[in-house]
Structures are given as C-alpha cells and as structure tokens.
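Asks: File follows, model_11.pdb with PDB, C-alpha atoms:
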MODEL        1
ATOM      1  CA  MET A  23      32.614  -0.935  18.273
ATOM      2  CA  THR A  24      29.440  -1.085  20.366
ATOM      3  CA  TRP A  25      27.486  -4.286  20.887
ATOM      4  CA  THR A  26      24.603  -2.877  18.825
ATOM      5  CA  SER A  27      26.819  -2.148  15.824
ATOM      6  CA  ALA A  28      28.425  -5.592  16.197
ATOM      7  CA  PHE A  29      24.994  -7.213  16.273
ATOM      8  CA  GLY A  30      23.902  -5.229  13.219
ATOM      9  CA  ARG A  31      27.049  -6.238  11.325
ATOM     10  CA  ALA A  32      26.554  -9.904  12.278
ATOM     11  CA  CYS A  33      22.950  -9.776  11.051
ATOM     12  CA  GLY A  34      24.116  -8.169   7.817
ATOM     13  CA  VAL A  35      26.714 -10.896   7.269
ATOM     14  CA  LEU A  36      24.124 -13.600   7.959
ATOM     15  CA  LEU A  37      21.640 -11.998   5.569
ATOM     16  CA  ASP A  38      24.297 -11.740   2.844
ATOM     17  CA  ARG A  39      25.101 -15.434   3.225
ATOM     18  CA  ILE A  40      21.429 -16.369   3.017
ATOM     19  CA  VAL A  41      21.029 -14.248  -0.115
ATOM     20  CA  ARG A  42      24.100 -15.858  -1.708
ATOM     21  CA  TRP A  43      22.766 -19.329  -0.874
ATOM     22  CA  LEU A  44      19.369 -18.522  -2.370
ATOM     23  CA  ALA A  45      21.049 -17.044  -5.435
ATOM     24  CA  LEU A  46      23.145 -20.179  -5.909
ATOM     25  CA  ALA A  47      20.003 -22.283  -5.535
ATOM     26  CA  ARG A  48      18.520 -20.280  -8.444
ATOM     27  CA  ILE A  49      15.272 -19.680  -6.571
ATOM     28  CA  ASN A  50      13.038 -17.312  -8.481
ATOM     29  CA  PRO A  51      12.631 -14.061  -6.506
ATOM     30  CA  ASN A  52       8.917 -14.065  -7.327
ATOM     31  CA  VAL A  53       8.628 -17.392  -5.498
ATOM     32  CA  LEU A  54      10.125 -15.783  -2.402
ATOM     33  CA  THR A  55       7.659 -12.917  -2.731
ATOM     34  CA  PHE A  56       4.771 -15.375  -2.929
ATOM     35  CA  LEU A  57       6.046 -17.310   0.080
ATOM     36  CA  GLY A  58       5.786 -14.086   2.059
ATOM     37  CA  LEU A  59       2.061 -14.053   1.246
ATOM     38  CA  VAL A  60       1.744 -17.683   2.348
ATOM     39  CA  VAL A  61       3.365 -16.890   5.688
ATOM     40  CA  ASN A  62       1.102 -13.868   6.203
ATOM     41  CA  THR A  63      -1.884 -16.094   5.462
ATOM     42  CA  ILE A  64      -0.780 -18.313   8.355
ATOM     43  CA  ALA A  65      -0.768 -15.241  10.595
ATOM     44  CA  ALA A  66      -4.278 -14.410   9.374
ATOM     45  CA  PHE A  67      -5.406 -17.941  10.282
ATOM     46  CA  LEU A  68      -3.958 -17.530  13.778
ATOM     47  CA  PHE A  69      -5.795 -14.224  14.225
ATOM     48  CA  GLY A  70      -9.055 -15.681  12.965
ATOM     49  CA  SER A  71      -8.885 -18.839  15.076
ATOM     50  CA  ALA A  72      -8.329 -16.955  18.348
ATOM     51  CA  ASN A  73     -11.042 -16.836  21.001
ATOM     52  CA  ALA A  74     -11.548 -15.308  24.430
ATOM     53  CA  ASP A  75      -9.588 -18.100  26.120
ATOM     54  CA  ASN A  76      -6.506 -18.177  23.882
ATOM     55  CA  GLN A  77      -6.458 -14.701  22.329
ATOM     56  CA  ALA A  78      -3.202 -13.520  23.887
ATOM     57  CA  ARG A  79      -1.365 -16.713  22.901
ATOM     58  CA  MET A  80      -2.719 -16.897  19.349
ATOM     59  CA  PHE A  81      -2.071 -13.204  18.735
ATOM     60  CA  PHE A  82       1.479 -13.626  20.057
ATOM     61  CA  TYR A  83       2.089 -16.504  17.646
ATOM     62  CA  ALA A  84       0.627 -14.425  14.800
ATOM     63  CA  GLY A  85       3.005 -11.590  15.674
ATOM     64  CA  LEU A  86       5.974 -13.949  15.500
ATOM     65  CA  VAL A  87       4.790 -15.267  12.141
ATOM     66  CA  ILE A  88       4.491 -11.729  10.755
ATOM     67  CA  ILE A  89       8.045 -11.040  11.922
ATOM     68  CA  GLY A  90       9.079 -14.172  10.035
ATOM     69  CA  SER A  91       7.303 -12.979   6.902
ATOM     70  CA  GLY A  92       9.567  -9.941   6.939
ATOM     71  CA  PHE A  93      12.434 -12.258   5.980
ATOM     72  CA  PHE A  94      10.927 -12.717   2.528
ATOM     73  CA  ASP A  95      10.445  -8.954   2.147
ATOM     74  CA  LEU A  96      14.142  -8.533   2.917
ATOM     75  CA  VAL A  97      15.565 -11.163   0.595
ATOM     76  CA  ASP A  98      13.369 -11.221  -2.523
ATOM     77  CA  GLY A  99      14.745  -7.960  -3.916
ATOM     78  CA  GLN A 100      18.309  -8.785  -2.919
ATOM     79  CA  VAL A 101      18.108 -12.208  -4.552
ATOM     80  CA  ALA A 102      16.706 -10.574  -7.700
ATOM     81  CA  ARG A 103      19.699  -8.212  -7.831
ATOM     82  CA  ALA A 104      22.190 -10.970  -7.014
ATOM     83  CA  THR A 105      20.872 -13.166  -9.833
ATOM     84  CA  ASN A 106      20.341 -10.299 -12.286
ATOM     85  CA  ARG A 107      16.583 -10.934 -12.319
ATOM     86  CA  VAL A 108      15.382  -7.437 -11.530
ATOM     87  CA  THR A 109      12.365  -6.879 -13.781
ATOM     88  CA  ARG A 110       9.480  -4.449 -14.000
ATOM     89  CA  PHE A 111       7.073  -7.354 -13.560
ATOM     90  CA  GLY A 112       8.902  -8.406 -10.400
ATOM     91  CA  ALA A 113       8.381  -4.944  -8.910
ATOM     92  CA  PHE A 114       4.724  -5.037  -9.951
ATOM     93  CA  PHE A 115       4.230  -8.540  -8.543
ATOM     94  CA  ASP A 116       5.894  -7.585  -5.257
ATOM     95  CA  SER A 117       3.571  -4.594  -4.878
ATOM     96  CA  VAL A 118       0.460  -6.651  -5.622
ATOM     97  CA  VAL A 119       1.450  -9.428  -3.210
ATOM     98  CA  ASP A 120       2.174  -6.858  -0.501
ATOM     99  CA  ARG A 121      -1.423  -5.594  -0.794
ATOM    100  CA  TYR A 122      -2.763  -9.138  -0.430
ATOM    101  CA  SER A 123      -0.439  -9.769   2.527
ATOM    102  CA  ASP A 124      -1.713  -6.663   4.305
ATOM    103  CA  ALA A 125      -5.325  -7.519   3.561
ATOM    104  CA  SER A 126      -4.901 -11.103   4.775
ATOM    105  CA  GLN A 127      -3.808  -9.939   8.228
ATOM    106  CA  PHE A 128      -6.788  -7.636   8.604
ATOM    107  CA  LEU A 129      -9.101 -10.311   7.200
ATOM    108  CA  GLY A 130      -7.969 -12.607  10.004
ATOM    109  CA  LEU A 131      -8.772  -9.883  12.526
ATOM    110  CA  LEU A 132     -12.159  -9.361  10.888
ATOM    111  CA  VAL A 133     -12.945 -13.024  11.404
ATOM    112  CA  TYR A 134     -11.809 -12.843  15.031
ATOM    113  CA  TYR A 135     -13.984  -9.838  15.868
ATOM    114  CA  ALA A 136     -16.948 -11.221  13.904
ATOM    115  CA  ARG A 137     -16.768 -14.517  15.797
ATOM    116  CA  GLY A 138     -16.697 -12.553  19.038
ATOM    117  CA  GLN A 139     -19.701 -10.487  17.886
ATOM    118  CA  ARG A 140     -17.802  -7.231  18.343
ATOM    119  CA  PHE A 141     -19.460  -5.285  15.563
ATOM    120  CA  SER A 142     -17.721  -1.965  16.210
ATOM    121  CA  TYR A 143     -14.307  -3.575  15.781
ATOM    122  CA  VAL A 144     -15.456  -5.406  12.672
ATOM    123  CA  VAL A 145     -16.244  -1.989  11.185
ATOM    124  CA  LEU A 146     -12.968  -0.521  12.465
ATOM    125  CA  THR A 147     -10.892  -3.370  11.037
ATOM    126  CA  ALA A 148     -12.683  -3.111   7.682
ATOM    127  CA  PHE A 149     -11.969   0.614   7.633
ATOM    128  CA  VAL A 150      -8.297  -0.018   8.439
ATOM    129  CA  MET A 151      -8.086  -2.568   5.607
ATOM    130  CA  VAL A 152      -9.519  -0.080   3.108
ATOM    131  CA  SER A 153      -7.326   2.738   4.435
ATOM    132  CA  ALA A 154      -4.186   0.617   4.103
ATOM    133  CA  ILE A 155      -5.013  -0.091   0.471
ATOM    134  CA  MET A 156      -5.798   3.575  -0.178
ATOM    135  CA  VAL A 157      -2.451   4.685   1.249
ATOM    136  CA  SER A 158      -0.719   2.571  -1.386
ATOM    137  CA  TYR A 159      -3.173   3.435  -4.153
ATOM    138  CA  THR A 160      -2.949   7.190  -3.668
ATOM    139  CA  ARG A 161       0.830   7.056  -3.910
ATOM    140  CA  ALA A 162       0.783   4.858  -7.016
ATOM    141  CA  ARG A 163      -1.890   6.968  -8.733
ATOM    142  CA  ALA A 164      -0.184  10.230  -7.786
ATOM    143  CA  GLU A 165       3.180   9.033  -9.064
ATOM    144  CA  SER A 166       1.607   8.221 -12.418
ATOM    145  CA  LEU A 167       0.804  11.943 -12.611
ATOM    146  CA  ILE A 168       3.552  13.843 -10.800
ATOM    147  CA  GLY A 169       6.481  11.424 -10.642
ATOM    148  CA  SER A 170       6.930  11.190  -6.859
ATOM    149  CA  CYS A 171       4.568  11.232  -3.888
ATOM    150  CA  ARG A 172       6.407  10.127  -0.761
ATOM    151  CA  VAL A 173       4.543  12.361   1.650
ATOM    152  CA  GLY A 174       2.704  10.901   4.617
ATOM    153  CA  PHE A 175       3.749   8.674   7.467
ATOM    154  CA  MET A 176       1.629   5.534   7.675
ATOM    155  CA  GLU A 177       3.101   3.294   4.975
ATOM    156  CA  ARG A 178       3.510  -0.473   4.989
ATOM    157  CA  PRO A 179       6.595  -0.726   7.264
ATOM    158  CA  GLU A 180       4.917   1.428   9.910
ATOM    159  CA  ARG A 181       1.698  -0.596   9.689
ATOM    160  CA  LEU A 182       3.603  -3.855  10.048
ATOM    161  CA  VAL A 183       5.476  -2.613  13.106
ATOM    162  CA  LEU A 184       2.239  -1.501  14.748
ATOM    163  CA  VAL A 185       0.433  -4.769  13.941
ATOM    164  CA  ILE A 186       3.373  -6.751  15.330
ATOM    165  CA  ILE A 187       3.332  -4.672  18.527
ATOM    166  CA  GLY A 188      -0.427  -5.093  18.866
ATOM    167  CA  ALA A 189      -0.154  -8.841  18.362
ATOM    168  CA  LEU A 190       2.832  -9.499  20.633
ATOM    169  CA  PHE A 191       1.514  -7.391  23.500
ATOM    170  CA  ASN A 192      -2.174  -8.151  22.955
ATOM    171  CA  ARG A 193      -3.027  -4.492  22.340
ATOM    172  CA  MET A 194      -4.552  -4.811  18.900
ATOM    173  CA  ALA A 195      -7.600  -2.595  19.525
ATOM    174  CA  PRO A 196      -5.637   0.637  20.204
ATOM    175  CA  VAL A 197      -3.244  -0.240  17.380
ATOM    176  CA  LEU A 198      -6.159  -0.422  14.943
ATOM    177  CA  TRP A 199      -7.340   3.026  16.041
ATOM    178  CA  VAL A 200      -3.845   4.447  15.525
ATOM    179  CA  ILE A 201      -3.551   2.906  12.060
ATOM    180  CA  ALA A 202      -7.036   4.113  11.110
ATOM    181  CA  VAL A 203      -6.317   7.710  12.093
ATOM    182  CA  LEU A 204      -2.785   7.959  10.694
ATOM    183  CA  SER A 205      -3.690   6.163   7.448
ATOM    184  CA  THR A 206      -6.564   8.570   6.881
ATOM    185  CA  ILE A 207      -4.279  11.537   7.536
ATOM    186  CA  THR A 208      -1.738  10.102   5.088
ATOM    187  CA  VAL A 209      -4.354   9.667   2.358
ATOM    188  CA  ILE A 210      -5.628  13.221   2.849
ATOM    189  CA  HIS A 211      -2.059  14.553   2.816
ATOM    190  CA  ARG A 212      -1.353  12.794  -0.477
ATOM    191  CA  ILE A 213      -4.572  14.078  -2.016
ATOM    192  CA  GLN A 214      -3.681  17.630  -1.014
ATOM    193  CA  TYR A 215      -0.081  17.235  -2.212
ATOM    194  CA  THR A 216      -1.170  15.842  -5.578
ATOM    195  CA  TRP A 217      -3.806  18.547  -5.982
ATOM    196  CA  ALA A 218      -1.168  21.230  -5.405
ATOM    197  CA  ARG A 219       1.251  19.617  -7.849
ATOM    198  CA  THR A 220      -1.324  19.169 -10.609
ATOM    199  CA  GLN A 221      -2.773  22.663 -10.699
ATOM    200  CA  ASP A 222      -2.743  24.033 -14.270
ATOM    201  CA  ALA A 223      -0.841  20.959 -15.463
ATOM    202  CA  PRO A 224      -2.019  19.519 -18.797
ATOM    203  CA  ILE A 225      -3.719  16.127 -18.581
ATOM    204  CA  ARG A 226      -1.927  13.449 -20.530
ATOM    205  CA  SER A 227      -3.956  10.937 -22.504
ATOM    206  CA  GLY A 228      -4.788   7.673 -20.780
ATOM    207  CA  GLN A 229      -4.749   9.109 -17.253
ATOM    208  CA  ALA A 230      -8.456   8.916 -16.571
ATOM    209  CA  ALA A 231      -9.257   6.554 -13.712
TER     210      ALA A 231
ENDMDL
END
Here is the file; what I need is its structure written in the form of structure tokens.
Replies:
Amino acid sequence: MTWTSAFGRACGVLLDRIVRWLALARINPNVLTFLGLVVNTIAAFLFGSANADNQARMFFYAGLVIIGSGFFDLVDGQVARATNRVTRFGAFFDSVVDRYSDASQFLGLLVYYARGQRFSYVVLTAFVMVSAIMVSYTRARAESLIGSCRVGFMERPERLVLVIIGALFNRMAPVLWVIAVLSTITVIHRIQYTWARTQDAPIRSGQAA
C-alpha cells in the first residue's frame, strides 16, 4: 500500500465517521447545504474587503475558506442517504444553493475590483459570473429536452479548483480569463450538442422557455 492510498483511505474513514455522527445528530441535509452557502459568503467578504496592501493575504484566507466549504458539498448528500432523506426537493435546493455560492464568490471579486477602480476586471468578473450560471443552465435546460447533456469541461468542480488556485497563489486575474474562455466554450458545445440531438424531434408541451 502506498502512502497516497493510505492517506486516501484514512480520509475516507474520517469522512464516514463524520457522516455517521451527523446522521446520528439528525441534522437536516438541507441545513448542511445552506451552511455551505454561508461559508462561501465569508469567502466573498474576504475577497471584497481586500486592498492593495493585504490582497495576497485576504485572497489566501478566502481560498482556505472555499476549501472548507467543500466539506458541506461532500457530506450533505451522504447524510441525506444515510438518514434516508434523499428527496427531489433536496436535489433542487442543492442545485439552487450551488448557483448562489458560485455567484457570491464572484460578487466578492467584483467588489474588490470595483474598489480598486479596475473597470476591465469588473467586466471580466461579471462575464465569468454570467458564464458560470449559463454552464449550469444550459445543461439543466438541455436535459429537460434530451435527457442527458454532460458534454463540456468547465463545470462547478473545475471552477472551484481554479478559483482556489487563483486565491491561494494570488493569480486570480489569469484564472478569471481561463474560466471565461472555457465556460464560453462549454456553453457553445452544449448548445451545439443539444441542437444536434433535437433535430426533427417533436416539441413536447410546456417546454417553451
């Protein structure tokens, strides 16, 4: 057994124990989902309160907070399954909260760049925020028509990893450009994929946007 596999197994055991403890505590999985949004809001506050003197430090703290928010993404679904509380509303609520969590991070960056009077990066961050939402929307809308639309690369896990890297290493500007480009490519890919899958298909009632 390698040290990496041993570490992974130890983390898995720890996560299972945490899930069991949360299940025994009868914590509603939707509460855990909402706490993830609260933690991401803290990261947004750290982004927005940064200035030229403390940017690297505040961004680093924000990156750590976003890593911490991933804990709630990991456990809410597992707690729901462990307590037999898997519901359609829970899946819906998780998706909605994820969109707010993503937007909150970029909103914090918007505030930071606006306070620094960096108009071009205000526009870039706004575009990234919209693109992130559109990546999720195009998949959801396409799957209401064709059943599955998992094409494209820049989904939420990839965005989170890039934002964390940008925050921890104080390289947020190039990260935003990467997310902007790859998110746009993903949206276009999904539009093309859905167009190809819906050619000559009958339109079911209630599918108008």
Asks: Taking all atoms listed in the file into account, produce a table as a Markdown table in which each residue of stretch 114-142 of chain A with an atom at most 12 Å from an atom of stretch 59-68 of chain A appears once, together with its shortest atom pair and the distance in Å to one decimal, ordered by chain and rising number.
Replies:
| residue | atom | partner | partner_atom | distance |
| --- | --- | --- | --- | --- |
| A:Phe115 | CA | A:Leu59 | CA | 11.4 |
| A:Asp116 | CA | A:Leu59 | CA | 9.9 |
| A:Ser117 | CA | A:Leu59 | CA | 11.4 |
| A:Val118 | CA | A:Leu59 | CA | 10.2 |
| A:Val119 | CA | A:Leu59 | CA | 6.5 |
| A:Asp120 | CA | A:Leu59 | CA | 7.4 |
| A:Arg121 | CA | A:Leu59 | CA | 9.4 |
| A:Tyr122 | CA | A:Leu59 | CA | 7.1 |
| A:Ser123 | CA | A:Leu59 | CA | 5.1 |
| A:Asp124 | CA | A:Asn62 | CA | 8.0 |
| A:Ala125 | CA | A:Ala66 | CA | 9.1 |
| A:Ser126 | CA | A:Ala66 | CA | 5.7 |
| A:Gln127 | CA | A:Ala66 | CA | 4.6 |
| A:Phe128 | CA | A:Ala66 | CA | 7.3 |
| A:Leu129 | CA | A:Ala66 | CA | 6.7 |
| A:Gly130 | CA | A:Ala66 | CA | 4.2 |
| A:Leu131 | CA | A:Ala66 | CA | 7.1 |
| A:Leu132 | CA | A:Ala66 | CA | 9.5 |
| A:Val133 | CA | A:Ala66 | CA | 9.0 |
| A:Tyr134 | CA | A:Leu68 | CA | 9.2 |
Asks: Mind checking which residues fall within 9 Å of A:Val197, counting all atoms listed in the file, ignoring those fewer than 5 positions away in the same chain, and posting them as JSON, numbers by chain?
Replies: {"A": [184, 185, 187, 188, 202]}
Asks: Can you work out the spacing between atom CA of A:Leu204 and atom CA of A:Leu146 in Å, to one decimal?
Replies: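 We find that atom CA of A:Leu204 and atom CA of A:Leu146 lie 13.4 Å from each other.
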Asks: Which of these, A:Ala113, A:Thr208, A:Gly70, A:Phe56, has the shortest distance to A:Glu180 once you count all atoms listed in the file?
Replies: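 Among the listed residues, A:Thr208 lies closest to A:Glu180.
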Asks: Going by the chain IDs and residue numbers used in this file, which residues fall under the PyMOL selection byres ((chain A and resi 91-99) around 6)? Write them as a ChimeraX atom specification.
Replies: /A:51,54-55,58,61,88-90,100-102
Asks: With distances taken over only C-alpha atoms, which residue among A:Leu182, A:Leu86, A:Val144, A:Ile168 lies nearest A:Tyr215?
Replies: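 Closest candidate: A:Ile168.
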Asks: With all atoms listed in the file as the basis for distance, which of A:Leu190, A:Ile155, A:Ile213, A:Val200 is at the shortest distance from A:Arg172?
Replies: A:Ile213
Asks: So which residues touch A:Tyr143 within 10 Å, counting all atoms listed in the file, skipping near sequence neighbours fewer than 5 positions away, as a list in words?
Replies: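 My reading of the contact set: Leu131, Leu132, Tyr134, Tyr135, Ala136, Gly138, Ala148, Phe149, Ala195, Leu198 and Trp199 of chain A.
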Asks: When the PyMOL selection byres ((chain A and resi 175) around 10) is applied to the file above, which residues end up in the set, as a PyMOL selection string?
Replies: chain A and resi 157+172-174+176-181+204-205+207-209+211
Asks: For stretch 77-82 of chain A, find every residue with an atom within 8 Å (counting only C-alpha atoms), except residues of its own chain fewer than 4 positions away, and show them as a PyMOL selection string.
Replies: chain A and resi 68-69+71-73+86+189-192
Asks: Could you jot down the atom CA of A:Glu165 to atom CA of A:Arg219 separation for me, Å, one decimal place?
Replies: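 Distance reported for this atom pair: 10.8 Å.
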Asks: Work out how far apart atom CA of A:Asn76 and atom CA of A:Pro196 are and give it in Å to one decimal.
Replies: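 So the answer is 19.2 Å.
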Asks: Which residue out of A:Ala74, A:Leu57, A:Asn52, A:Asn106 has the minimum interatomic distance to A:Arg137 when all atoms listed in the file are used?
Replies: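 When distances to A:Arg137 are compared using all atoms listed in the file, the smallest one comes from A:Ala74.
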